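**Q** Got a structure for you, structure_10.tsv, holding TSV, C-alpha atoms.
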```tsv
chain	number	residue	atom	x	y	z
A	1	ARG	CA	90.22	46.36	104.49
A	2	HIS	CA	88.43	49.69	104.85
A	3	ILE	CA	88.02	49.44	108.63
A	4	VAL	CA	91.37	47.97	109.64
A	5	LEU	CA	93.03	50.50	111.94
A	6	SER	CA	96.40	50.24	110.20
A	7	ASN	CA	94.76	51.40	106.95
A	8	GLN	CA	93.21	54.58	108.32
A	9	LEU	CA	96.35	56.76	107.82
A	10	LEU	CA	95.55	58.97	110.79
A	11	PRO	CA	97.65	62.16	111.21
A	12	TRP	CA	98.65	61.18	114.75
A	13	ASP	CA	99.88	57.76	113.62
A	14	THR	CA	102.52	56.61	116.15
A	15	PRO	CA	104.12	53.84	114.03
A	16	THR	CA	105.89	56.59	112.04
A	17	LEU	CA	109.32	57.98	112.92
A	18	THR	CA	109.22	61.45	114.49
A	19	GLU	CA	111.49	64.20	113.17
A	20	LYS	CA	113.76	63.77	116.20
A	21	GLU	CA	113.99	60.01	115.62
A	22	THR	CA	114.60	60.53	111.91
A	23	ASN	CA	117.49	62.90	112.61
A	24	LEU	CA	118.90	60.54	115.24
A	25	PHE	CA	118.85	57.68	112.77
A	26	LEU	CA	120.42	59.70	109.93
A	27	GLN	CA	123.09	61.22	112.18
A	28	HIS	CA	124.12	57.97	113.86
A	29	PHE	CA	124.31	55.98	110.63
A	30	HIS	CA	126.20	58.76	108.88
A	31	GLU	CA	128.77	58.88	111.68
A	32	ILE	CA	129.30	55.13	111.39
A	33	PHE	CA	129.68	55.46	107.63
A	34	ILE	CA	132.26	58.26	107.91
A	35	LYS	CA	134.25	56.36	110.54
A	36	LEU	CA	134.46	53.15	108.49
A	37	ILE	CA	134.89	54.72	105.04
A	38	LYS	CA	138.00	56.57	106.22
A	39	LYS	CA	139.71	53.41	107.43
A	40	THR	CA	142.37	52.01	105.11
A	41	SER	CA	141.19	48.47	105.83
A	42	CYS	CA	138.27	46.89	107.68
A	43	ASN	CA	137.92	43.49	109.29
A	44	LYS	CA	134.98	41.24	108.43
A	45	ASP	CA	132.75	42.60	111.18
A	46	GLU	CA	133.44	46.19	110.15
A	47	GLN	CA	132.79	45.34	106.52
A	48	LEU	CA	129.40	43.88	107.44
A	49	THR	CA	128.60	46.98	109.48
A	50	LEU	CA	129.53	49.27	106.57
A	51	GLU	CA	127.40	47.25	104.16
A	52	THR	CA	124.47	47.35	106.58
A	53	VAL	CA	124.71	51.11	107.11
A	54	VAL	CA	124.63	51.77	103.35
A	55	LEU	CA	121.80	49.28	102.98
A	56	ALA	CA	119.74	51.01	105.68
A	57	LYS	CA	120.13	54.33	103.90
A	58	ILE	CA	118.86	52.82	100.67
A	59	MET	CA	115.87	51.42	102.55
A	60	PHE	CA	115.18	54.85	104.05
A	61	TRP	CA	115.45	56.97	100.88
A	62	THR	CA	113.54	54.54	98.63
A	63	ALA	CA	110.99	53.03	101.06
A	64	SER	CA	112.45	49.64	100.20
A	65	PRO	CA	111.98	46.45	102.22
A	66	LEU	CA	115.27	44.87	103.24
A	67	GLU	CA	115.04	42.17	100.58
A	68	ARG	CA	114.55	44.65	97.74
A	69	ALA	CA	117.33	46.94	98.96
A	70	ILE	CA	119.81	44.03	99.02
A	71	GLY	CA	119.16	43.53	95.30
A	72	THR	CA	120.19	47.11	94.39
A	73	ARG	CA	122.28	47.24	91.20
A	74	PHE	CA	123.99	49.80	89.00
A	75	ILE	CA	122.49	50.20	85.52
A	76	ASN	CA	122.96	52.32	82.41
A	77	GLN	CA	120.59	53.63	79.73
A	78	LYS	CA	121.79	51.33	76.97
A	79	GLU	CA	119.97	48.16	78.05
A	80	ASN	CA	116.81	47.09	79.86
A	81	TYR	CA	117.47	45.50	83.22
A	82	PRO	CA	114.92	43.54	85.28
A	83	TYR	CA	116.08	44.80	88.70
A	84	ASP	CA	113.30	46.20	90.91
A	85	LEU	CA	115.68	48.75	92.46
A	86	ALA	CA	118.69	50.26	90.74
A	87	ILE	CA	120.94	53.30	90.52
A	88	LEU	CA	121.18	54.81	87.05
A	89	ILE	CA	124.37	56.81	86.53
A	90	SER	CA	124.25	58.95	83.40
A	91	GLN	CA	127.00	60.97	81.75
A	92	LEU	CA	126.35	64.45	80.33
A	93	LYS	CA	129.44	66.24	79.05
A	94	ASN	CA	131.86	66.21	82.00
A	95	ASN	CA	129.30	65.56	84.71
A	96	LYS	CA	127.64	62.43	86.07
A	97	TYR	CA	124.11	62.17	87.42
A	98	GLY	CA	122.62	59.62	89.79
A	99	GLU	CA	118.97	58.57	89.73
A	100	TRP	CA	116.97	55.85	91.42
A	101	ARG	CA	115.08	53.52	89.13
A	102	ILE	CA	112.27	51.81	91.05
A	103	LYS	CA	109.74	49.32	89.71
A	104	SER	CA	106.44	51.10	90.20
A	105	TRP	CA	103.29	49.50	91.57
A	106	THR	CA	100.94	48.69	88.68
A	107	PRO	CA	97.67	46.73	88.69
A	108	SER	CA	97.81	43.05	87.81
A	109	TYR	CA	95.87	41.69	84.84
A	110	SER	CA	94.63	38.16	84.26
A	111	THR	CA	95.85	38.35	80.66
A	112	ALA	CA	98.66	40.22	78.97
A	113	PRO	CA	97.06	43.58	78.11
A	114	GLU	CA	97.41	45.10	74.67
A	115	GLU	CA	98.05	48.82	74.85
A	116	PRO	CA	96.21	50.74	72.10
A	117	SER	CA	98.07	53.56	70.39
A	118	GLU	CA	95.60	56.06	71.88
A	119	THR	CA	96.76	55.34	75.46
A	120	ARG	CA	99.49	57.19	77.32
A	121	ASP	CA	103.08	55.99	76.99
A	122	HIS	CA	103.27	53.48	79.85
A	123	LYS	CA	106.43	52.65	81.81
A	124	ASP	CA	106.94	50.02	84.50
A	125	PHE	CA	109.63	52.03	86.30
A	126	VAL	CA	109.85	55.46	87.90
A	127	TYR	CA	113.06	57.49	87.75
A	128	LEU	CA	113.78	59.64	90.80
A	129	GLN	CA	116.70	62.06	90.88
A	130	ASP	CA	119.11	61.64	93.79
A	131	HIS	CA	118.65	65.15	95.16
A	132	ILE	CA	120.44	64.43	98.45
A	133	GLY	CA	123.61	63.08	96.85
A	134	PHE	CA	123.40	59.58	98.30
A	135	THR	CA	125.02	58.24	95.12
A	136	ASN	CA	128.23	59.83	96.42
A	137	HIS	CA	128.15	57.60	99.48
A	138	LEU	CA	127.30	54.52	97.47
A	139	LEU	CA	130.23	55.06	95.11
A	140	LEU	CA	132.61	55.68	98.02
A	141	TYR	CA	131.40	52.46	99.61
A	142	CYS	CA	131.92	50.54	96.36
A	143	LYS	CA	135.40	51.99	95.98
A	144	ALA	CA	136.30	50.97	99.53
A	145	ARG	CA	134.95	47.45	98.96
A	146	GLY	CA	136.52	47.06	95.51
A	147	ILE	CA	133.14	46.86	93.75
A	148	SER	CA	132.87	48.17	90.19
A	149	PRO	CA	129.75	50.33	89.54
A	150	ILE	CA	128.54	48.14	86.67
A	151	PRO	CA	125.29	46.13	86.22
A	152	SER	CA	126.94	42.75	86.85
A	153	SER	CA	128.33	43.78	90.26
A	154	ILE	CA	126.65	42.46	93.41
A	155	ILE	CA	126.68	45.38	95.83
A	156	PHE	CA	125.54	43.54	98.93
A	157	PRO	CA	126.94	39.97	98.98
A	158	SER	CA	125.77	38.76	102.40
A	159	SER	CA	122.49	37.04	103.30
A	160	THR	CA	119.27	38.78	104.28
A	161	GLN	CA	119.42	37.29	107.77
A	162	LYS	CA	122.96	38.57	108.34
A	163	TYR	CA	122.00	42.11	107.39
A	164	LYS	CA	118.84	41.98	109.46
A	165	THR	CA	120.72	40.79	112.55
A	166	GLU	CA	123.44	43.42	112.09
A	167	LEU	CA	120.92	46.22	111.52
A	168	GLN	CA	119.03	45.27	114.67
A	169	ALA	CA	122.32	45.27	116.61
A	170	ILE	CA	123.24	48.77	115.36
A	171	LEU	CA	119.79	50.13	116.20
A	172	HIS	CA	119.92	48.62	119.68
A	173	LYS	CA	123.14	50.48	120.57
A	174	PHE	CA	121.68	54.00	120.28
A	175	ASN	CA	117.95	53.30	120.29
A	176	LYS	CA	117.31	52.28	123.88
A	177	ASP	CA	113.53	52.76	123.80
A	178	LYS	CA	113.34	50.63	120.62
A	179	ARG	CA	111.22	53.24	118.83
A	180	ILE	CA	113.38	53.15	115.69
A	181	THR	CA	112.77	49.81	114.00
A	182	ILE	CA	113.57	48.21	110.66
A	183	HIS	CA	109.90	48.40	109.66
A	184	LYS	CA	109.73	52.15	110.37
A	185	ILE	CA	112.90	52.78	108.40
A	186	GLU	CA	111.43	50.89	105.44
A	187	LYS	CA	108.11	52.74	105.43
A	188	HIS	CA	109.13	56.26	106.48
A	189	LEU	CA	109.22	57.72	102.96
A	190	PHE	CA	105.88	56.06	102.11
A	191	ASP	CA	104.32	57.58	105.23
A	192	LYS	CA	105.76	61.03	104.52
A	193	ILE	CA	104.30	61.06	101.00
A	194	ILE	CA	100.84	60.25	102.37
A	195	GLU	CA	101.25	62.83	105.13
A	196	LYS	CA	102.02	65.58	102.60
A	197	ILE	CA	99.61	64.83	99.75
A	198	ASN	CA	97.12	62.40	101.33
A	199	ASP	CA	97.23	60.02	98.38
A	200	VAL	CA	98.02	56.32	98.82
A	201	SER	CA	98.10	55.70	95.07
A	202	THR	CA	100.84	58.27	94.49
A	203	ALA	CA	102.88	56.81	97.36
A	204	SER	CA	102.54	53.31	95.86
A	205	SER	CA	103.51	54.55	92.39
A	206	ILE	CA	106.67	56.29	93.65
A	207	THR	CA	107.87	53.55	95.97
A	208	GLY	CA	106.46	50.46	94.25
A	209	ILE	CA	104.99	49.34	97.58
A	210	GLU	CA	101.55	47.71	97.58
A	211	HIS	CA	98.86	49.03	99.92
A	212	PRO	CA	95.35	47.56	100.50
A	213	LEU	CA	93.66	50.91	99.87
A	214	ASN	CA	95.27	51.18	96.42
A	215	LYS	CA	94.21	47.84	94.93
A	216	SER	CA	91.03	49.13	93.29
A	217	ARG	CA	92.15	52.66	92.48
A	218	SER	CA	95.34	51.49	90.78
A	219	HIS	CA	93.19	50.33	87.83
A	220	TYR	CA	92.05	53.95	87.33
A	221	PHE	CA	95.28	55.77	88.18
A	222	THR	CA	97.94	56.72	85.62
A	223	PRO	CA	100.29	59.35	87.10
A	224	ASP	CA	102.77	61.27	84.97
A	225	LEU	CA	106.39	60.30	85.69
A	226	ASN	CA	107.53	63.93	85.96
A	227	TYR	CA	104.77	64.57	88.51
A	228	LEU	CA	106.04	61.66	90.62
A	229	ARG	CA	109.61	62.98	90.35
A	230	THR	CA	108.47	66.36	91.65
A	231	ILE	CA	106.63	64.84	94.61
A	232	TYR	CA	109.69	62.73	95.50
A	233	LYS	CA	111.99	65.75	95.23
A	234	ASN	CA	109.80	67.82	97.56
A	235	ILE	CA	109.57	65.07	100.19
A	236	VAL	CA	113.26	64.09	100.34
A	237	THR	CA	114.34	67.73	100.22
A	238	GLU	CA	112.16	68.46	103.24
A	239	ILE	CA	113.50	65.45	105.15
A	240	SER	CA	117.14	66.22	104.37
A	241	SER	CA	116.84	69.97	105.00
A	242	ALA	CA	116.43	69.32	108.72
A	243	TYR	CA	119.86	67.73	108.90
A	244	THR	CA	123.29	68.31	107.34
A	245	PHE	CA	125.78	65.55	106.63
A	246	PRO	CA	129.31	66.63	107.65
A	247	GLY	CA	132.52	64.71	107.26
A	248	LEU	CA	133.09	63.91	103.56
A	249	SER	CA	134.95	67.15	102.64
A	250	GLN	CA	135.49	67.62	98.91
A	251	GLN	CA	134.55	64.02	98.07
A	252	THR	CA	130.82	64.86	98.17
A	253	ASN	CA	130.91	66.30	94.64
A	254	LEU	CA	131.33	63.01	92.81
A	255	ILE	CA	127.78	63.12	91.47
A	256	SER	CA	125.77	66.19	90.51
A	257	THR	CA	122.05	66.08	91.30
A	258	SER	CA	120.88	69.21	89.49
A	259	GLN	CA	120.10	67.71	86.08
A	260	SER	CA	118.91	64.58	84.34
A	261	THR	CA	119.67	63.07	80.96
A	262	LEU	CA	116.24	61.41	80.82
A	263	ASP	CA	113.30	62.85	78.90
A	264	LEU	CA	110.14	61.59	80.60
A	265	SER	CA	107.67	64.00	78.98
A	266	GLY	CA	104.33	62.34	78.28
A	267	LYS	CA	105.33	59.09	80.00
A	268	ALA	CA	103.29	57.59	82.83
A	269	THR	CA	102.94	54.54	85.04
A	270	GLY	CA	100.01	52.80	86.73
A	271	SER	CA	97.03	51.60	84.71
A	272	ARG	CA	97.76	50.73	81.08
A	273	TYR	CA	94.38	51.88	79.76
A	274	CYS	CA	94.50	55.64	80.26
A	275	ALA	CA	93.67	57.38	76.98
A	276	THR	CA	95.59	60.48	75.98
A	277	PHE	CA	93.85	63.84	76.28
A	278	THR	CA	93.91	64.23	72.49
A	279	ALA	CA	92.33	60.80	71.98
A	280	VAL	CA	89.49	61.64	74.39
A	281	LYS	CA	88.83	65.00	72.70
A	282	ASN	CA	88.73	63.38	69.27
A	283	ALA	CA	86.36	60.64	70.46
A	284	ILE	CA	83.95	63.12	72.05
A	285	ARG	CA	84.04	65.37	69.00
A	286	GLN	CA	83.25	62.40	66.74
A	287	LEU	CA	80.40	61.37	69.03
A	288	GLN	CA	78.95	64.91	68.95
A	289	ASP	CA	79.17	64.99	65.15
A	290	ASN	CA	77.37	61.65	64.86
A	291	ILE	CA	74.60	62.84	67.20
A	292	ALA	CA	74.20	66.05	65.19
A	293	LYS	CA	73.85	64.09	61.94
A	294	LEU	CA	71.03	61.98	63.44
A	295	SER	CA	69.20	64.90	65.05
A	296	LEU	CA	66.41	64.82	62.43
A	297	ARG	CA	65.58	61.22	63.42
A	298	ILE	CA	63.79	60.41	60.14
A	299	SER	CA	63.47	56.62	60.48
A	300	ARG	CA	63.01	54.26	63.42
A	301	LYS	CA	66.56	52.96	62.92
A	302	GLU	CA	67.99	56.49	62.96
A	303	PHE	CA	65.96	57.31	66.08
A	304	ALA	CA	67.33	54.20	67.83
A	305	ASN	CA	70.89	55.15	66.86
A	306	TYR	CA	70.29	58.71	68.06
A	307	HIS	CA	68.96	57.42	71.37
A	308	ASN	CA	71.92	55.10	71.89
A	309	LEU	CA	74.54	57.70	71.00
A	310	TYR	CA	72.96	60.39	73.16
A	311	THR	CA	72.74	57.97	76.10
A	312	LEU	CA	76.43	57.11	75.69
A	313	TYR	CA	77.28	60.82	75.51
A	314	SER	CA	75.30	61.55	78.69
A	315	ILE	CA	77.01	58.73	80.60
A	316	LEU	CA	80.44	59.86	79.46
A	317	MET	CA	79.82	63.48	80.46
A	318	PHE	CA	78.43	62.35	83.81
A	319	GLY	CA	81.51	60.24	84.42
A	320	PHE	CA	83.87	63.09	83.49
A	321	ALA	CA	82.01	65.49	85.79
A	322	THR	CA	81.78	63.23	88.84
A	323	GLY	CA	84.66	60.77	88.53
A	324	ARG	CA	82.24	57.90	89.02
A	325	ARG	CA	83.42	54.56	87.72
A	326	PRO	CA	81.03	52.75	85.33
A	327	PHE	CA	78.63	50.00	86.32
A	328	ASN	CA	75.08	48.94	85.42
A	329	THR	CA	73.00	51.74	87.01
A	330	GLN	CA	75.19	54.63	85.93
A	331	LEU	CA	72.83	57.64	86.00
A	332	PRO	CA	70.86	58.54	89.16
A	333	SER	CA	67.18	59.35	88.79
A	334	ILE	CA	66.24	63.05	88.80
A	335	ASP	CA	64.39	62.78	92.12
A	336	LYS	CA	67.68	61.78	93.79
A	337	ILE	CA	69.34	65.11	92.86
A	338	ASP	CA	68.75	68.29	94.87
A	339	ASN	CA	67.45	70.91	92.42
A	340	GLU	CA	68.91	73.91	94.23
A	341	THR	CA	72.45	72.68	94.90
A	342	GLY	CA	72.89	69.88	92.36
A	343	ILE	CA	74.11	67.59	95.16
A	344	THR	CA	73.36	63.86	95.01
A	345	ILE	CA	74.61	60.73	96.71
A	346	LEU	CA	76.51	58.41	94.40
A	347	ASN	CA	76.86	54.74	95.19
A	348	GLU	CA	80.12	53.26	93.91
A	349	LYS	CA	78.73	49.71	94.03
A	350	ASP	CA	75.71	48.52	92.06
A	351	ASN	CA	73.84	47.01	95.00
A	352	GLN	CA	71.22	47.88	97.60
A	353	TYR	CA	73.60	48.27	100.54
A	354	ARG	CA	75.12	51.62	99.47
A	355	SER	CA	78.20	50.81	101.56
A	356	LYS	CA	80.48	52.96	99.40
A	357	SER	CA	78.44	56.07	98.85
A	358	ARG	CA	79.69	59.63	98.60
A	359	PRO	CA	78.18	63.08	98.00
A	360	SER	CA	78.81	64.53	94.55
A	361	TRP	CA	77.94	67.76	92.75
A	362	ILE	CA	76.15	67.50	89.41
A	363	PRO	CA	77.08	70.46	87.13
A	364	PRO	CA	74.19	72.46	85.67
A	365	PHE	CA	74.94	71.34	82.09
A	366	MET	CA	74.26	67.75	83.18
A	367	MET	CA	70.88	68.61	84.66
```
What's the structure tokens form of this structure?
**A**
Amino acid sequence: RHIVLSNQLLPWDTPTLTEKETNLFLQHFHEIFIKLIKKTSCNKDEQLTLETVVLAKIMFWTASPLERAIGTRFINQKENYPYDLAILISQLKNNKYGEWRIKSWTPSYSTAPEEPSETRDHKDFVYLQDHIGFTNHLLLYCKARGISPIPSSIIFPSSTQKYKTELQAILHKFNKDKRITIHKIEKHLFDKIIEKINDVSTASSITGIEHPLNKSRSHYFTPDLNYLRTIYKNIVTEISSAYTFPGLSQQTNLISTSQSTLDLSGKATGSRYCATFTAVKNAIRQLQDNIAKLSLRISRKEFANYHNLYTLYSILMFGFATGRRPFNTQLPSIDKIDNETGITILNEKDNQYRSKSRPSWIPPFMM
């Protein structure tokens, strides 16, 4: 998977929508939405078109495959809902706030993991504020279709094949060179996140989309939910700033996007085994105290304990300094480290092939 061309994430990657194509897509679909939402009544074909246009926007702003976007539901904070993609509408005083709730990508475990109290507060979902006001459009669509914004409501009642056929038909009418495709609409946000921060794991955590290059790292990655919210805000703000959405007059103020009723401080997603900073500090301090108590090494047993604790301490410090994941041959021999620069070559696999090696700097305190 490391040499497949589609996994290289090159900056000149042509399968991504250009800015011109992005604006063309947003403008054309917005015009269709405005035209149909203003009609007092729509026939069946127009209803399907309106549903498909709203669906395509959800796909675009959440990096959702068609199947996941069709399952979009409204939710509230009072209950836990299993939906992979949902809109959370919260009430604060006289204002309402719309946020996406997306099931994040987390590593799979062969058994149900028990989360120790010393680990970070883990969540399966990310909450992303609707900074572009798309919730306005969704509520207008639901009002026009007679759909109540409650968890039990099915927002998109037609089949996947119907929506796919209709979406392809809409794209064909204004996209003569066929550059704008369903697949590119689905993955545009994912690609933009990677383009801006060059991190597949963050893109997978925000969008919940699996990627081959994230399978291993996801077991060592526990991003803060507020950090992911900030990344999402920056990306969608940049995309939307290149284009304005005219035509909804005063109706665009149904949902405010400036605040959130959620407190996500200290909460994270990803791996379930990331210790808190306080827990790590306490463990290291306890280890240092135990080593200090055995420093006299009076008996053979005390010397053995001293040796074992100091070895553990050295391995932990080496791992903190280099980010190297643990395996059998953890510490490199001294002759493999350059004395002047502290540079060595670390092999991420415990074998003779050294296929996943990388240069790393060894801090002076580790020497």
**Q** Return the single residue from A:Asn136, A:Ile185, A:Asn305, A:Tyr232 that is closest to Thr18 of chain A, with distances computed using only C-alpha atoms.
**A**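 Counting only C-alpha atoms, the residue closest to Thr18 of chain A is A:Ile185.
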**Q** May I ask for the distance between atom CA of Ala63 of chain A and atom CA of His122 of chain A, given in Å to one decimal place?
**A**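 Atom CA of His122 of chain A lies at a distance of 22.6 Å from atom CA of Ala63 of chain A.
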**Q** Given only C-alpha atoms as the basis, pick out the residue of A:Lys143, A:Asn175, A:Thr160, A:Arg73 nearest to Phe29 of chain A.
**A**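 The shortest atom-to-atom distance to Phe29 of chain A comes from A:Asn175.
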**Q** Measuring atom to atom with all atoms listed in the file, identify which of A:Leu213, A:Leu312, A:Ile334, A:Leu128 is nearest to Ile102 of chain A.
**A**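 Among the listed residues, the smallest separation from Ile102 of chain A belongs to A:Leu128.
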**Q** Given all atoms listed in the file as the basis, pick out the residue of A:Ile132, A:Leu50, A:Ile182, A:Ala203 nearest to Phe156 of chain A.
**A**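 Among the listed residues, A:Leu50 lies closest to Phe156 of chain A.
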**Q** Atom CA of Lys123 of chain A and atom CA of Lys267 of chain A, how far apart in Å?
**A**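 Between atom CA of Lys267 of chain A and atom CA of Lys123 of chain A the gap is 6.8 Å.
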**Q** Identify the residues within 12 Å of coordinate (119.5, 55.1, 86.9) (same frame as the file), considering all atoms listed in the file, and give the answer as number ranges by chain.
**A** A: 72-81, 83-91, 96-103, 125-130, 135, 149-151, 260-262
**Q** Would you export the selected residues with C-alpha atoms as a JSON list (two decimals), in the coordinates of the input, please?
**A**
```json
[["chain", "number", "residue", "atom", "x", "y", "z"],
["A", 72, "THR", "CA", 120.19, 47.11, 94.39],
["A", 73, "ARG", "CA", 122.28, 47.24, 91.20],
["A", 74, "PHE", "CA", 123.99, 49.80, 89.00],
["A", 75, "ILE", "CA", 122.49, 50.20, 85.52],
["A", 76, "ASN", "CA", 122.96, 52.32, 82.41],
["A", 77, "GLN", "CA", 120.59, 53.63, 79.73],
["A", 78, "LYS", "CA", 121.79, 51.33, 76.97],
["A", 79, "GLU", "CA", 119.97, 48.16, 78.05],
["A", 80, "ASN", "CA", 116.81, 47.09, 79.86],
["A", 81, "TYR", "CA", 117.47, 45.50, 83.22],
["A", 83, "TYR", "CA", 116.08, 44.80, 88.70],
["A", 84, "ASP", "CA", 113.30, 46.20, 90.91],
["A", 85, "LEU", "CA", 115.68, 48.75, 92.46],
["A", 86, "ALA", "CA", 118.69, 50.26, 90.74],
["A", 87, "ILE", "CA", 120.94, 53.30, 90.52],
["A", 88, "LEU", "CA", 121.18, 54.81, 87.05],
["A", 89, "ILE", "CA", 124.37, 56.81, 86.53],
["A", 90, "SER", "CA", 124.25, 58.95, 83.40],
["A", 91, "GLN", "CA", 127.00, 60.97, 81.75],
["A", 96, "LYS", "CA", 127.64, 62.43, 86.07],
["A", 97, "TYR", "CA", 124.11, 62.17, 87.42],
["A", 98, "GLY", "CA", 122.62, 59.62, 89.79],
["A", 99, "GLU", "CA", 118.97, 58.57, 89.73],
["A", 100, "TRP", "CA", 116.97, 55.85, 91.42],
["A", 101, "ARG", "CA", 115.08, 53.52, 89.13],
["A", 102, "ILE", "CA", 112.27, 51.81, 91.05],
["A", 103, "LYS", "CA", 109.74, 49.32, 89.71],
["A", 125, "PHE", "CA", 109.63, 52.03, 86.30],
["A", 126, "VAL", "CA", 109.85, 55.46, 87.90],
["A", 127, "TYR", "CA", 113.06, 57.49, 87.75],
["A", 128, "LEU", "CA", 113.78, 59.64, 90.80],
["A", 129, "GLN", "CA", 116.70, 62.06, 90.88],
["A", 130, "ASP", "CA", 119.11, 61.64, 93.79],
["A", 135, "THR", "CA", 125.02, 58.24, 95.12],
["A", 149, "PRO", "CA", 129.75, 50.33, 89.54],
["A", 150, "ILE", "CA", 128.54, 48.14, 86.67],
["A", 151, "PRO", "CA", 125.29, 46.13, 86.22],
["A", 260, "SER", "CA", 118.91, 64.58, 84.34],
["A", 261, "THR", "CA", 119.67, 63.07, 80.96],
["A", 262, "LEU", "CA", 116.24, 61.41, 80.82]]
```
**Q** Quick check, in Å to one decimal: how far apart do atom CA of Phe60 of chain A and atom CA of Leu189 of chain A lie?
**A**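 Going from atom CA of Phe60 of chain A over to atom CA of Leu189 of chain A covers 6.7 Å.
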**Q** Nearest to Gln286 of chain A: which of A:His172, A:Ser64, A:Asn339, A:Leu309 is it, counting all atoms listed in the file?
**A**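 Among the listed residues, A:Leu309 lies closest to Gln286 of chain A.
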**Q** Given the choices A:Glu118, A:Ser357, A:Thr237, A:Ala69, which gets closest to Ala283 of chain A if the distance is worked out from all atoms listed in the file?
**A** A:Glu118
**Q** Set the distance at 12 Å and use only C-alpha atoms: which residues neighbour segment 168-170 of chain A once local chain neighbours fewer than 2 positions away are removed? I'd like the list as a PyMOL selection string.
**A** chain A and resi 25+28-29+32+46+48-50+52-53+56+161-166+172-176+178-183+185
**Q** Starting from the point (76.2, 63.0, 97.7), work out which residues of protein, DNA or RNA have an atom no more than 9 Å away when counting only C-alpha atoms; state them as JSON, numbers by chain.
**A** {"A": [337, 343, 344, 345, 346, 347, 357, 358, 359, 360, 361]}
